[in-house]
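First the structure, in the form of structure tokens, and then the observations on it.
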Amino acid sequence: MGVTGPPEPVLDRDEVDRALARLGAEHEAIETSLLALQDHAGRRLLEGAELTGTTKERWTAAEASITLLWAYFDAYSDALRSARDIRSRRRWSSREDLVELTGILRGATVTVAGSTTATANAPTLAGTGKLSEQFTLASLVDRMNELYASSLDMVVAADAVWSALPARIDLLAAELQRTRRLAHSVGVRPGEHPAGDDLERITRTLTRLREEVISDPLTYWVPAPGSSAPGGGRPDTTTYDREARALEDVRREIDAVLTVRQDAEARLVRLRDVLSRADRTLAEARSARGEVLAKIAASEVPAVSGPPTALQEQLQTAAEYRRHAQWHRLSPLLESLEQRAEDELLRARESLTAVTAPLAVRAELRGRLDAYKAKVARLGFAEDPLLIERYDAARRMLWSAPCDLRVAEEAVLRYQRAAADLLSPRVPDQGGPTDRRGPVA
């Protein structure tokens, strides 16, 4: 095959020696890289794996590239060896030797022939209709670098995914099995509790994920944007991370169930106590309502509801759950009952307060009447006829049944006004405390 274009300038002896030294160093570096690629753990795993999908397609191309790499390297080695042989013929190379060396070192004189198997998927010869190519040594080095980078990128990516994900998946699967056993011991089973269904789903997802990672690791590889270095990127752990978080949620749910199992009896006792106090408070409110209706006239007394039978029934259900170790059902029921029982106790207390309000008003009026009487007696007006008359009227109203609070309050106010009128010359600050210490010096 002829070479077109102007002839290359003939290299002198020093230029030839420098070129041979540089090519020798490149040869050594390429050989070291190829041997490292040959011994790479990822490449050995790829050779023995049953691959599918994207990884299978790329590994088929990478294998062809690696085969071509060795063919290119052999051709490169032969050309370099021929050049060294010519240079070693004589210490001072002749003009003919320098012309021949210039052709080897600068010309497209390196021919690489590929077998049908090696070139079927090769990214250089496939689709060209050629079974051989010609290169200069410099272009051959560039082509080897290109094939090496693409092959190494594929090998490193697959190895990175295999190094990162399967071991983590196995650890998570082991934790999943321990969680499943613990869940089963507390009654958290598929179809009976949402956490049990979640465990089944996580199991299926992890099994499928591991199979896909082993057979098609490149599906779980995210290349680094803008990176041209081989192996630039990271394993895609999105699915793994999601299932790990889901398992953590299930573990927290099971921990809650275990906590219920440990303190279920104490919580049931507290619930019974709260509901018992609510019942007693409602009973007191009903009794007080009867007293109010009998003793207080013209007063709106709110009705008192009956005992919380629905809560009592659910409390019995909770006791049954505990008796049969159905902790997964007991846990949410206890949480609901505890809140509702506290609400019921608060409602009972509010009902008692509302029912006994008229009695509290009557007690306040009685206390106010007696306080004014004591004050009047202390100042020496206990025998005043008007005060005695108004006191007796107010007292009869407050100590009679039924008591009309509105009328009784007016009677107490009349007594207060009479006492104030009587005491005003002596007590300038009506209603305030009396200073018995005498005048201040």
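Ordering of the structure tokens sets the chain letters (A, B, ...), residue numbers begin anew at 1 in every chain, and ligands are numbered from 1 in the order given.
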Mind dumping a table of every stretch 17-66 of chain A residue within 10 Å of stretch 212-227 of chain A, with the nearest atom pair and its distance in Å to one decimal, using only C-alpha atoms, sorted by chain and rising number, as JSON lines?
```
{"residue": "A:Leu46", "atom": "CA", "partner": "A:Ser215", "partner_atom": "CA", "distance": 9.4}
{"residue": "A:Ala49", "atom": "CA", "partner": "A:Ser215", "partner_atom": "CA", "distance": 7.1}
{"residue": "A:Glu50", "atom": "CA", "partner": "A:Ser215", "partner_atom": "CA", "distance": 6.0}
{"residue": "A:Leu51", "atom": "CA", "partner": "A:Ser215", "partner_atom": "CA", "distance": 4.5}
{"residue": "A:Thr52", "atom": "CA", "partner": "A:Asp216", "partner_atom": "CA", "distance": 5.4}
{"residue": "A:Gly53", "atom": "CA", "partner": "A:Asp216", "partner_atom": "CA", "distance": 6.0}
{"residue": "A:Thr54", "atom": "CA", "partner": "A:Leu218", "partner_atom": "CA", "distance": 6.5}
{"residue": "A:Thr55", "atom": "CA", "partner": "A:Asp216", "partner_atom": "CA", "distance": 5.1}
{"residue": "A:Lys56", "atom": "CA", "partner": "A:Asp216", "partner_atom": "CA", "distance": 7.2}
{"residue": "A:Glu57", "atom": "CA", "partner": "A:Asp216", "partner_atom": "CA", "distance": 9.9}
{"residue": "A:Arg58", "atom": "CA", "partner": "A:Leu218", "partner_atom": "CA", "distance": 8.9}
```
Could you take the residues named above and write them with N, CA, C and O atoms, as an mmCIF file, in the first residue's frame?
```cif
data_model
loop_
_atom_site.group_PDB
_atom_site.id
_atom_site.type_symbol
_atom_site.label_atom_id
_atom_site.label_comp_id
_atom_site.auth_asym_id
_atom_site.auth_seq_id
_atom_site.Cartn_x
_atom_site.Cartn_y
_atom_site.Cartn_z
ATOM 1 N N LEU A 46 -15.623 -10.241 35.305
ATOM 2 C CA LEU A 46 -16.434 -10.111 34.098
ATOM 3 C C LEU A 46 -16.304 -11.336 33.201
ATOM 4 O O LEU A 46 -17.277 -11.775 32.581
ATOM 5 N N ALA A 49 -18.524 -14.113 34.783
ATOM 6 C CA ALA A 49 -19.908 -13.817 35.173
ATOM 7 C C ALA A 49 -20.878 -14.111 34.035
ATOM 8 O O ALA A 49 -20.514 -14.066 32.851
ATOM 9 N N GLU A 50 -22.123 -14.422 34.433
ATOM 10 C CA GLU A 50 -23.204 -14.561 33.452
ATOM 11 C C GLU A 50 -23.879 -13.203 33.333
ATOM 12 O O GLU A 50 -24.750 -12.845 34.122
ATOM 13 N N LEU A 51 -23.456 -12.451 32.353
ATOM 14 C CA LEU A 51 -23.866 -11.058 32.234
ATOM 15 C C LEU A 51 -25.139 -10.930 31.409
ATOM 16 O O LEU A 51 -25.462 -11.791 30.570
ATOM 17 N N THR A 52 -25.828 -9.815 31.648
ATOM 18 C CA THR A 52 -27.042 -9.497 30.891
ATOM 19 C C THR A 52 -27.056 -7.995 30.601
ATOM 20 O O THR A 52 -26.273 -7.224 31.151
ATOM 21 N N GLY A 53 -27.969 -7.594 29.725
ATOM 22 C CA GLY A 53 -28.252 -6.186 29.502
ATOM 23 C C GLY A 53 -27.067 -5.366 29.040
ATOM 24 O O GLY A 53 -26.236 -5.796 28.229
ATOM 25 N N THR A 54 -26.996 -4.150 29.575
ATOM 26 C CA THR A 54 -25.962 -3.199 29.172
ATOM 27 C C THR A 54 -24.565 -3.732 29.427
ATOM 28 O O THR A 54 -23.653 -3.555 28.605
ATOM 29 N N THR A 55 -24.358 -4.377 30.548
ATOM 30 C CA THR A 55 -23.029 -4.887 30.882
ATOM 31 C C THR A 55 -22.581 -5.946 29.880
ATOM 32 O O THR A 55 -21.411 -5.967 29.466
ATOM 33 N N LYS A 56 -23.477 -6.813 29.474
ATOM 34 C CA LYS A 56 -23.113 -7.839 28.495
ATOM 35 C C LYS A 56 -22.694 -7.201 27.173
ATOM 36 O O LYS A 56 -21.690 -7.607 26.560
ATOM 37 N N GLU A 57 -23.465 -6.211 26.730
ATOM 38 C CA GLU A 57 -23.125 -5.546 25.463
ATOM 39 C C GLU A 57 -21.772 -4.847 25.558
ATOM 40 O O GLU A 57 -20.922 -4.976 24.660
ATOM 41 N N ARG A 58 -21.539 -4.119 26.629
ATOM 42 C CA ARG A 58 -20.290 -3.377 26.749
ATOM 43 C C ARG A 58 -19.103 -4.295 26.986
ATOM 44 O O ARG A 58 -17.992 -4.013 26.537
#
```
Counting only C-alpha atoms, which residues of stretch 135-175 of chain A fall within 12 Å of stretch 26-29 of chain A, and what is the closest atom pair for each with its distance in Å at one decimal, ordered by chain and rising number, as JSON lines?
```
{"residue": "A:Leu137", "atom": "CA", "partner": "A:Glu26", "partner_atom": "CA", "distance": 10.5}
{"residue": "A:Ala138", "atom": "CA", "partner": "A:Glu26", "partner_atom": "CA", "distance": 10.1}
{"residue": "A:Leu140", "atom": "CA", "partner": "A:His27", "partner_atom": "CA", "distance": 11.3}
{"residue": "A:Val141", "atom": "CA", "partner": "A:Glu26", "partner_atom": "CA", "distance": 8.2}
{"residue": "A:Asp142", "atom": "CA", "partner": "A:Glu26", "partner_atom": "CA", "distance": 11.0}
{"residue": "A:Met144", "atom": "CA", "partner": "A:His27", "partner_atom": "CA", "distance": 11.0}
{"residue": "A:Asn145", "atom": "CA", "partner": "A:Glu26", "partner_atom": "CA", "distance": 10.8}
```
Could I get the residues of stretch 230-313 of chain A with an atom no further than 12 Å from an atom of stretch 402-409 of chain A, each paired with its nearest atom pair and that distance in Å to one decimal, using only C-alpha atoms, sorted by chain and residue number, as a tab-separated table?
```
residue	atom	partner	partner_atom	distance
A:Gly290	CA	A:Pro402	CA	11.9
A:Glu291	CA	A:Pro402	CA	9.9
A:Val292	CA	A:Pro402	CA	8.6
A:Leu293	CA	A:Pro402	CA	8.0
A:Ala294	CA	A:Pro402	CA	6.0
A:Lys295	CA	A:Pro402	CA	4.1
A:Ile296	CA	A:Cys403	CA	4.5
A:Ala297	CA	A:Asp404	CA	4.8
A:Ala298	CA	A:Asp404	CA	6.2
A:Ser299	CA	A:Leu405	CA	8.0
A:Glu300	CA	A:Leu405	CA	11.5
```
Please provide the set of residues having any atom within 9 Å of A:Thr205, restricted to only C-alpha atoms, with same-chain residues fewer than 3 positions apart removed, written as an mmCIF file with N, CA, C and O atoms, in the first residue's frame.
```cif
data_model
loop_
_atom_site.group_PDB
_atom_site.id
_atom_site.type_symbol
_atom_site.label_atom_id
_atom_site.label_comp_id
_atom_site.auth_asym_id
_atom_site.auth_seq_id
_atom_site.Cartn_x
_atom_site.Cartn_y
_atom_site.Cartn_z
ATOM 1 N N GLU A 200 -42.034 -8.119 53.569
ATOM 2 C CA GLU A 200 -42.105 -8.956 52.370
ATOM 3 C C GLU A 200 -41.687 -8.177 51.128
ATOM 4 O O GLU A 200 -40.958 -8.685 50.272
ATOM 5 N N ARG A 201 -42.150 -6.950 51.027
ATOM 6 C CA ARG A 201 -41.788 -6.140 49.855
ATOM 7 C C ARG A 201 -40.291 -5.851 49.829
ATOM 8 O O ARG A 201 -39.646 -5.929 48.773
ATOM 9 N N ILE A 202 -39.711 -5.525 50.989
ATOM 10 C CA ILE A 202 -38.273 -5.265 51.050
ATOM 11 C C ILE A 202 -37.484 -6.506 50.657
ATOM 12 O O ILE A 202 -36.482 -6.427 49.943
ATOM 13 N N ARG A 208 -34.280 -9.078 44.063
ATOM 14 C CA ARG A 208 -34.193 -8.654 42.668
ATOM 15 C C ARG A 208 -32.996 -7.728 42.445
ATOM 16 O O ARG A 208 -32.285 -7.829 41.441
ATOM 17 N N LEU A 209 -32.751 -6.824 43.403
ATOM 18 C CA LEU A 209 -31.640 -5.885 43.274
ATOM 19 C C LEU A 209 -30.311 -6.615 43.209
ATOM 20 O O LEU A 209 -29.445 -6.291 42.381
ATOM 21 N N ARG A 210 -30.137 -7.613 44.054
ATOM 22 C CA ARG A 210 -28.863 -8.339 44.059
ATOM 23 C C ARG A 210 -28.656 -9.088 42.743
ATOM 24 O O ARG A 210 -27.545 -9.118 42.190
ATOM 25 N N THR A 239 -31.858 2.675 45.052
ATOM 26 C CA THR A 239 -32.781 1.607 45.459
ATOM 27 C C THR A 239 -32.372 1.025 46.802
ATOM 28 O O THR A 239 -33.214 0.804 47.689
ATOM 29 N N TYR A 240 -31.074 0.771 46.957
ATOM 30 C CA TYR A 240 -30.593 0.223 48.232
ATOM 31 C C TYR A 240 -30.906 1.172 49.387
ATOM 32 O O TYR A 240 -31.398 0.735 50.438
ATOM 33 N N GLU A 243 -34.614 1.123 50.395
ATOM 34 C CA GLU A 243 -35.020 -0.067 51.140
ATOM 35 C C GLU A 243 -34.389 -0.086 52.526
ATOM 36 O O GLU A 243 -35.002 -0.584 53.478
#
```
In stretch 13-158 of chain A, DSSP helix (DSSP H, G or I) residues written as a count of residues only: 108
Point-to-point distance from atom CA of A:Thr179 to atom CA of A:Thr238, Å rounded to tenths: 21.7 Å
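Coordinates place atom CA of A:Glu342 at a distance of 14.8 Å from atom CA of A:Thr309.
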A:Glu253 environment, 12 Å, only C-alpha atoms, sequence neighbours closer than 6 positions dropped, as a list of chain:residue names: A:Thr179, A:Leu182, A:Ala183, A:Val186, A:Val188, A:His193, A:Pro194, A:Ala195, A:Gly196, A:Asp198, A:Leu199, A:Ala246, A:Leu247, A:Thr259, A:Val260, A:Trp327, A:His328, A:Arg329, A:Ser331, A:Pro332
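Here the question is which of A:Glu313, A:Ala158, A:Thr356, A:Arg204 gets nearest to A:Asp236 using only C-alpha atoms, and that residue is A:Ala158.
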Name the residues in contact with stretch 383-386 of chain A at a cut-off of 12 Å, using only C-alpha atoms, excluding same-chain residues fewer than 2 positions from it; report them as a CSV table (one decimal) with N, CA and C atoms, in the first residue's frame.
```
chain,number,residue,atom,x,y,z
A,373,LYS,N,-71.0,40.1,108.6
A,373,LYS,CA,-71.6,40.0,109.9
A,373,LYS,C,-70.5,40.1,111.0
A,376,VAL,N,-69.2,43.6,111.2
A,376,VAL,CA,-70.1,44.5,111.9
A,376,VAL,C,-70.0,44.3,113.4
A,377,ALA,N,-70.0,43.0,113.8
A,377,ALA,CA,-69.9,42.6,115.2
A,377,ALA,C,-68.6,43.1,115.8
A,378,ARG,N,-67.5,43.1,115.1
A,378,ARG,CA,-66.2,43.5,115.6
A,378,ARG,C,-66.2,45.0,115.9
A,379,LEU,N,-67.0,45.8,115.1
A,379,LEU,CA,-67.1,47.2,115.3
A,379,LEU,C,-68.2,47.7,116.2
A,380,GLY,N,-68.9,46.7,116.8
A,380,GLY,CA,-69.9,47.0,117.8
A,380,GLY,C,-71.2,47.3,117.4
A,381,PHE,N,-71.6,46.9,116.2
A,381,PHE,CA,-73.0,47.1,115.6
A,381,PHE,C,-73.8,45.9,115.4
A,388,ILE,N,-79.8,43.4,111.7
A,388,ILE,CA,-80.3,42.1,112.1
A,388,ILE,C,-81.4,41.6,111.2
A,389,GLU,N,-82.3,42.6,110.8
A,389,GLU,CA,-83.4,42.2,109.9
A,389,GLU,C,-82.9,41.8,108.5
A,390,ARG,N,-82.0,42.6,108.0
A,390,ARG,CA,-81.5,42.2,106.6
A,390,ARG,C,-80.6,41.0,106.7
A,391,TYR,N,-79.9,40.8,107.7
A,391,TYR,CA,-79.1,39.6,107.8
A,391,TYR,C,-80.0,38.3,107.9
A,392,ASP,N,-81.0,38.4,108.7
A,392,ASP,CA,-81.9,37.2,108.9
A,392,ASP,C,-82.6,36.9,107.5
A,393,ALA,N,-83.0,38.0,106.8
A,393,ALA,CA,-83.6,37.8,105.5
A,393,ALA,C,-82.7,37.1,104.5
A,414,ARG,N,-78.2,44.0,99.8
A,414,ARG,CA,-78.8,44.9,100.7
A,414,ARG,C,-78.2,45.0,102.1
A,415,TYR,N,-77.8,43.8,102.6
A,415,TYR,CA,-77.2,43.8,103.9
A,415,TYR,C,-75.8,44.5,103.8
A,416,GLN,N,-75.1,44.2,102.7
A,416,GLN,CA,-73.8,44.9,102.6
A,416,GLN,C,-73.9,46.4,102.5
A,417,ARG,N,-75.0,46.9,101.8
A,417,ARG,CA,-75.1,48.3,101.7
A,417,ARG,C,-75.5,49.0,103.0
A,418,ALA,N,-76.4,48.3,103.7
A,418,ALA,CA,-76.8,48.8,105.1
A,418,ALA,C,-75.6,48.9,106.0
A,419,ALA,N,-74.7,47.8,106.0
A,419,ALA,CA,-73.6,47.8,106.8
A,419,ALA,C,-72.6,48.9,106.4
A,421,ASP,N,-73.4,51.7,104.9
A,421,ASP,CA,-73.9,53.0,105.4
A,421,ASP,C,-73.6,53.3,106.8
A,422,LEU,N,-73.8,52.3,107.6
A,422,LEU,CA,-73.6,52.4,109.1
A,422,LEU,C,-72.1,52.6,109.4
A,423,LEU,N,-71.3,52.0,108.7
A,423,LEU,CA,-69.8,52.0,109.0
A,423,LEU,C,-69.1,53.2,108.3
```
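Taking only C-alpha atoms into account, A:Glu410 lies nearest to A:Met397 out of the set A:Ala318, A:Leu330, A:Met397, A:Ala354.
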Spatial neighbours of A:Glu100, max dist 9 Å, only C-alpha atoms, sep filter under 6 positions, as a PyMOL selection string: chain A and resi 10+83+86
Take the residues just selected and output them with C-alpha atoms as a tab-separated table (two decimals), in the first residue's frame.
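That gives us selection.tsv:
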```
chain	number	residue	atom	x	y	z
A	10	VAL	CA	15.27	12.20	7.26
A	83	ALA	CA	14.01	-0.04	14.51
A	86	ILE	CA	18.61	-1.34	12.38
```
Any chance you could list, as an mmCIF file with N, CA, C and O atoms, in the first residue's frame, the residues in stretch 191-426 of chain A that come up strand (DSSP E or B) when DSSP is run on the backbone?
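states-v6.cif, written as the output of this step:
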```cif
data_model
loop_
_atom_site.group_PDB
_atom_site.id
_atom_site.type_symbol
_atom_site.label_atom_id
_atom_site.label_comp_id
_atom_site.auth_asym_id
_atom_site.auth_seq_id
_atom_site.Cartn_x
_atom_site.Cartn_y
_atom_site.Cartn_z
ATOM 1 N N TRP A 221 -24.561 2.156 37.612
ATOM 2 C CA TRP A 221 -23.381 3.012 37.593
ATOM 3 C C TRP A 221 -23.783 4.383 37.062
ATOM 4 O O TRP A 221 -24.443 4.503 36.039
ATOM 5 N N VAL A 222 -23.373 5.426 37.788
ATOM 6 C CA VAL A 222 -23.675 6.803 37.390
ATOM 7 C C VAL A 222 -22.369 7.478 37.009
ATOM 8 O O VAL A 222 -21.548 7.786 37.885
ATOM 9 N N PRO A 223 -22.123 7.717 35.714
ATOM 10 C CA PRO A 223 -20.872 8.383 35.323
ATOM 11 C C PRO A 223 -20.822 9.807 35.869
ATOM 12 O O PRO A 223 -21.840 10.488 35.990
ATOM 13 N N GLY A 233 -17.068 8.239 38.217
ATOM 14 C CA GLY A 233 -18.485 8.080 38.522
ATOM 15 C C GLY A 233 -18.665 7.419 39.880
ATOM 16 O O GLY A 233 -17.727 7.344 40.688
ATOM 17 N N ARG A 234 -19.834 6.911 40.115
ATOM 18 C CA ARG A 234 -20.143 6.277 41.411
ATOM 19 C C ARG A 234 -21.254 5.251 41.229
ATOM 20 O O ARG A 234 -22.076 5.357 40.307
ATOM 21 N N PRO A 235 -21.315 4.260 42.124
ATOM 22 C CA PRO A 235 -22.427 3.303 42.080
ATOM 23 C C PRO A 235 -23.744 3.993 42.445
ATOM 24 O O PRO A 235 -23.781 4.871 43.319
ATOM 25 N N ILE A 296 -81.334 24.413 94.658
ATOM 26 C CA ILE A 296 -81.192 25.687 93.959
ATOM 27 C C ILE A 296 -82.375 25.856 93.014
ATOM 28 O O ILE A 296 -82.656 24.983 92.185
ATOM 29 N N ALA A 297 -83.029 26.985 93.108
ATOM 30 C CA ALA A 297 -84.192 27.247 92.255
ATOM 31 C C ALA A 297 -83.787 28.167 91.106
ATOM 32 O O ALA A 297 -82.850 28.953 91.207
ATOM 33 N N CYS A 403 -83.121 27.291 96.917
ATOM 34 C CA CYS A 403 -82.594 28.645 97.080
ATOM 35 C C CYS A 403 -82.605 29.344 95.727
ATOM 36 O O CYS A 403 -82.060 28.838 94.756
ATOM 37 N N ASP A 404 -83.224 30.540 95.727
ATOM 38 C CA ASP A 404 -83.209 31.352 94.512
ATOM 39 C C ASP A 404 -81.965 32.227 94.581
ATOM 40 O O ASP A 404 -81.907 33.199 95.331
#
```
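Put simply, atom CA of A:Leu315 is 9.5 Å away from atom CA of A:Leu275.
Checking A:Ile254, A:Pro9, A:Leu20, A:Thr32 one by one against A:Ser88, counting only C-alpha atoms, you find the shortest gap at A:Leu20.
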Counting only C-alpha atoms, the option among A:Leu413, A:Leu258, A:Ala278, A:Ala61 closest to A:Arg366: A:Leu413
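Excluding A:Ser305 itself and any same-chain residue fewer than 2 positions from it, the protein and nucleic acid residues within 9 Å of it, counting only C-alpha atoms, are Leu282, Arg286, Ala303, Pro307, Pro308, Ala348 and Ser351 of chain A.
Of the listed residues A:Gly42, A:Gly187, A:Pro230, A:Gly24, the one whose atoms come nearest to A:Val155 is A:Gly42, with distances taken using only C-alpha atoms.
Compared by their closest atoms to A:Arg44, and using only C-alpha atoms, the residues A:Arg362, A:Trp59, A:Ala374, A:Asp12 rank with A:Trp59 nearest.
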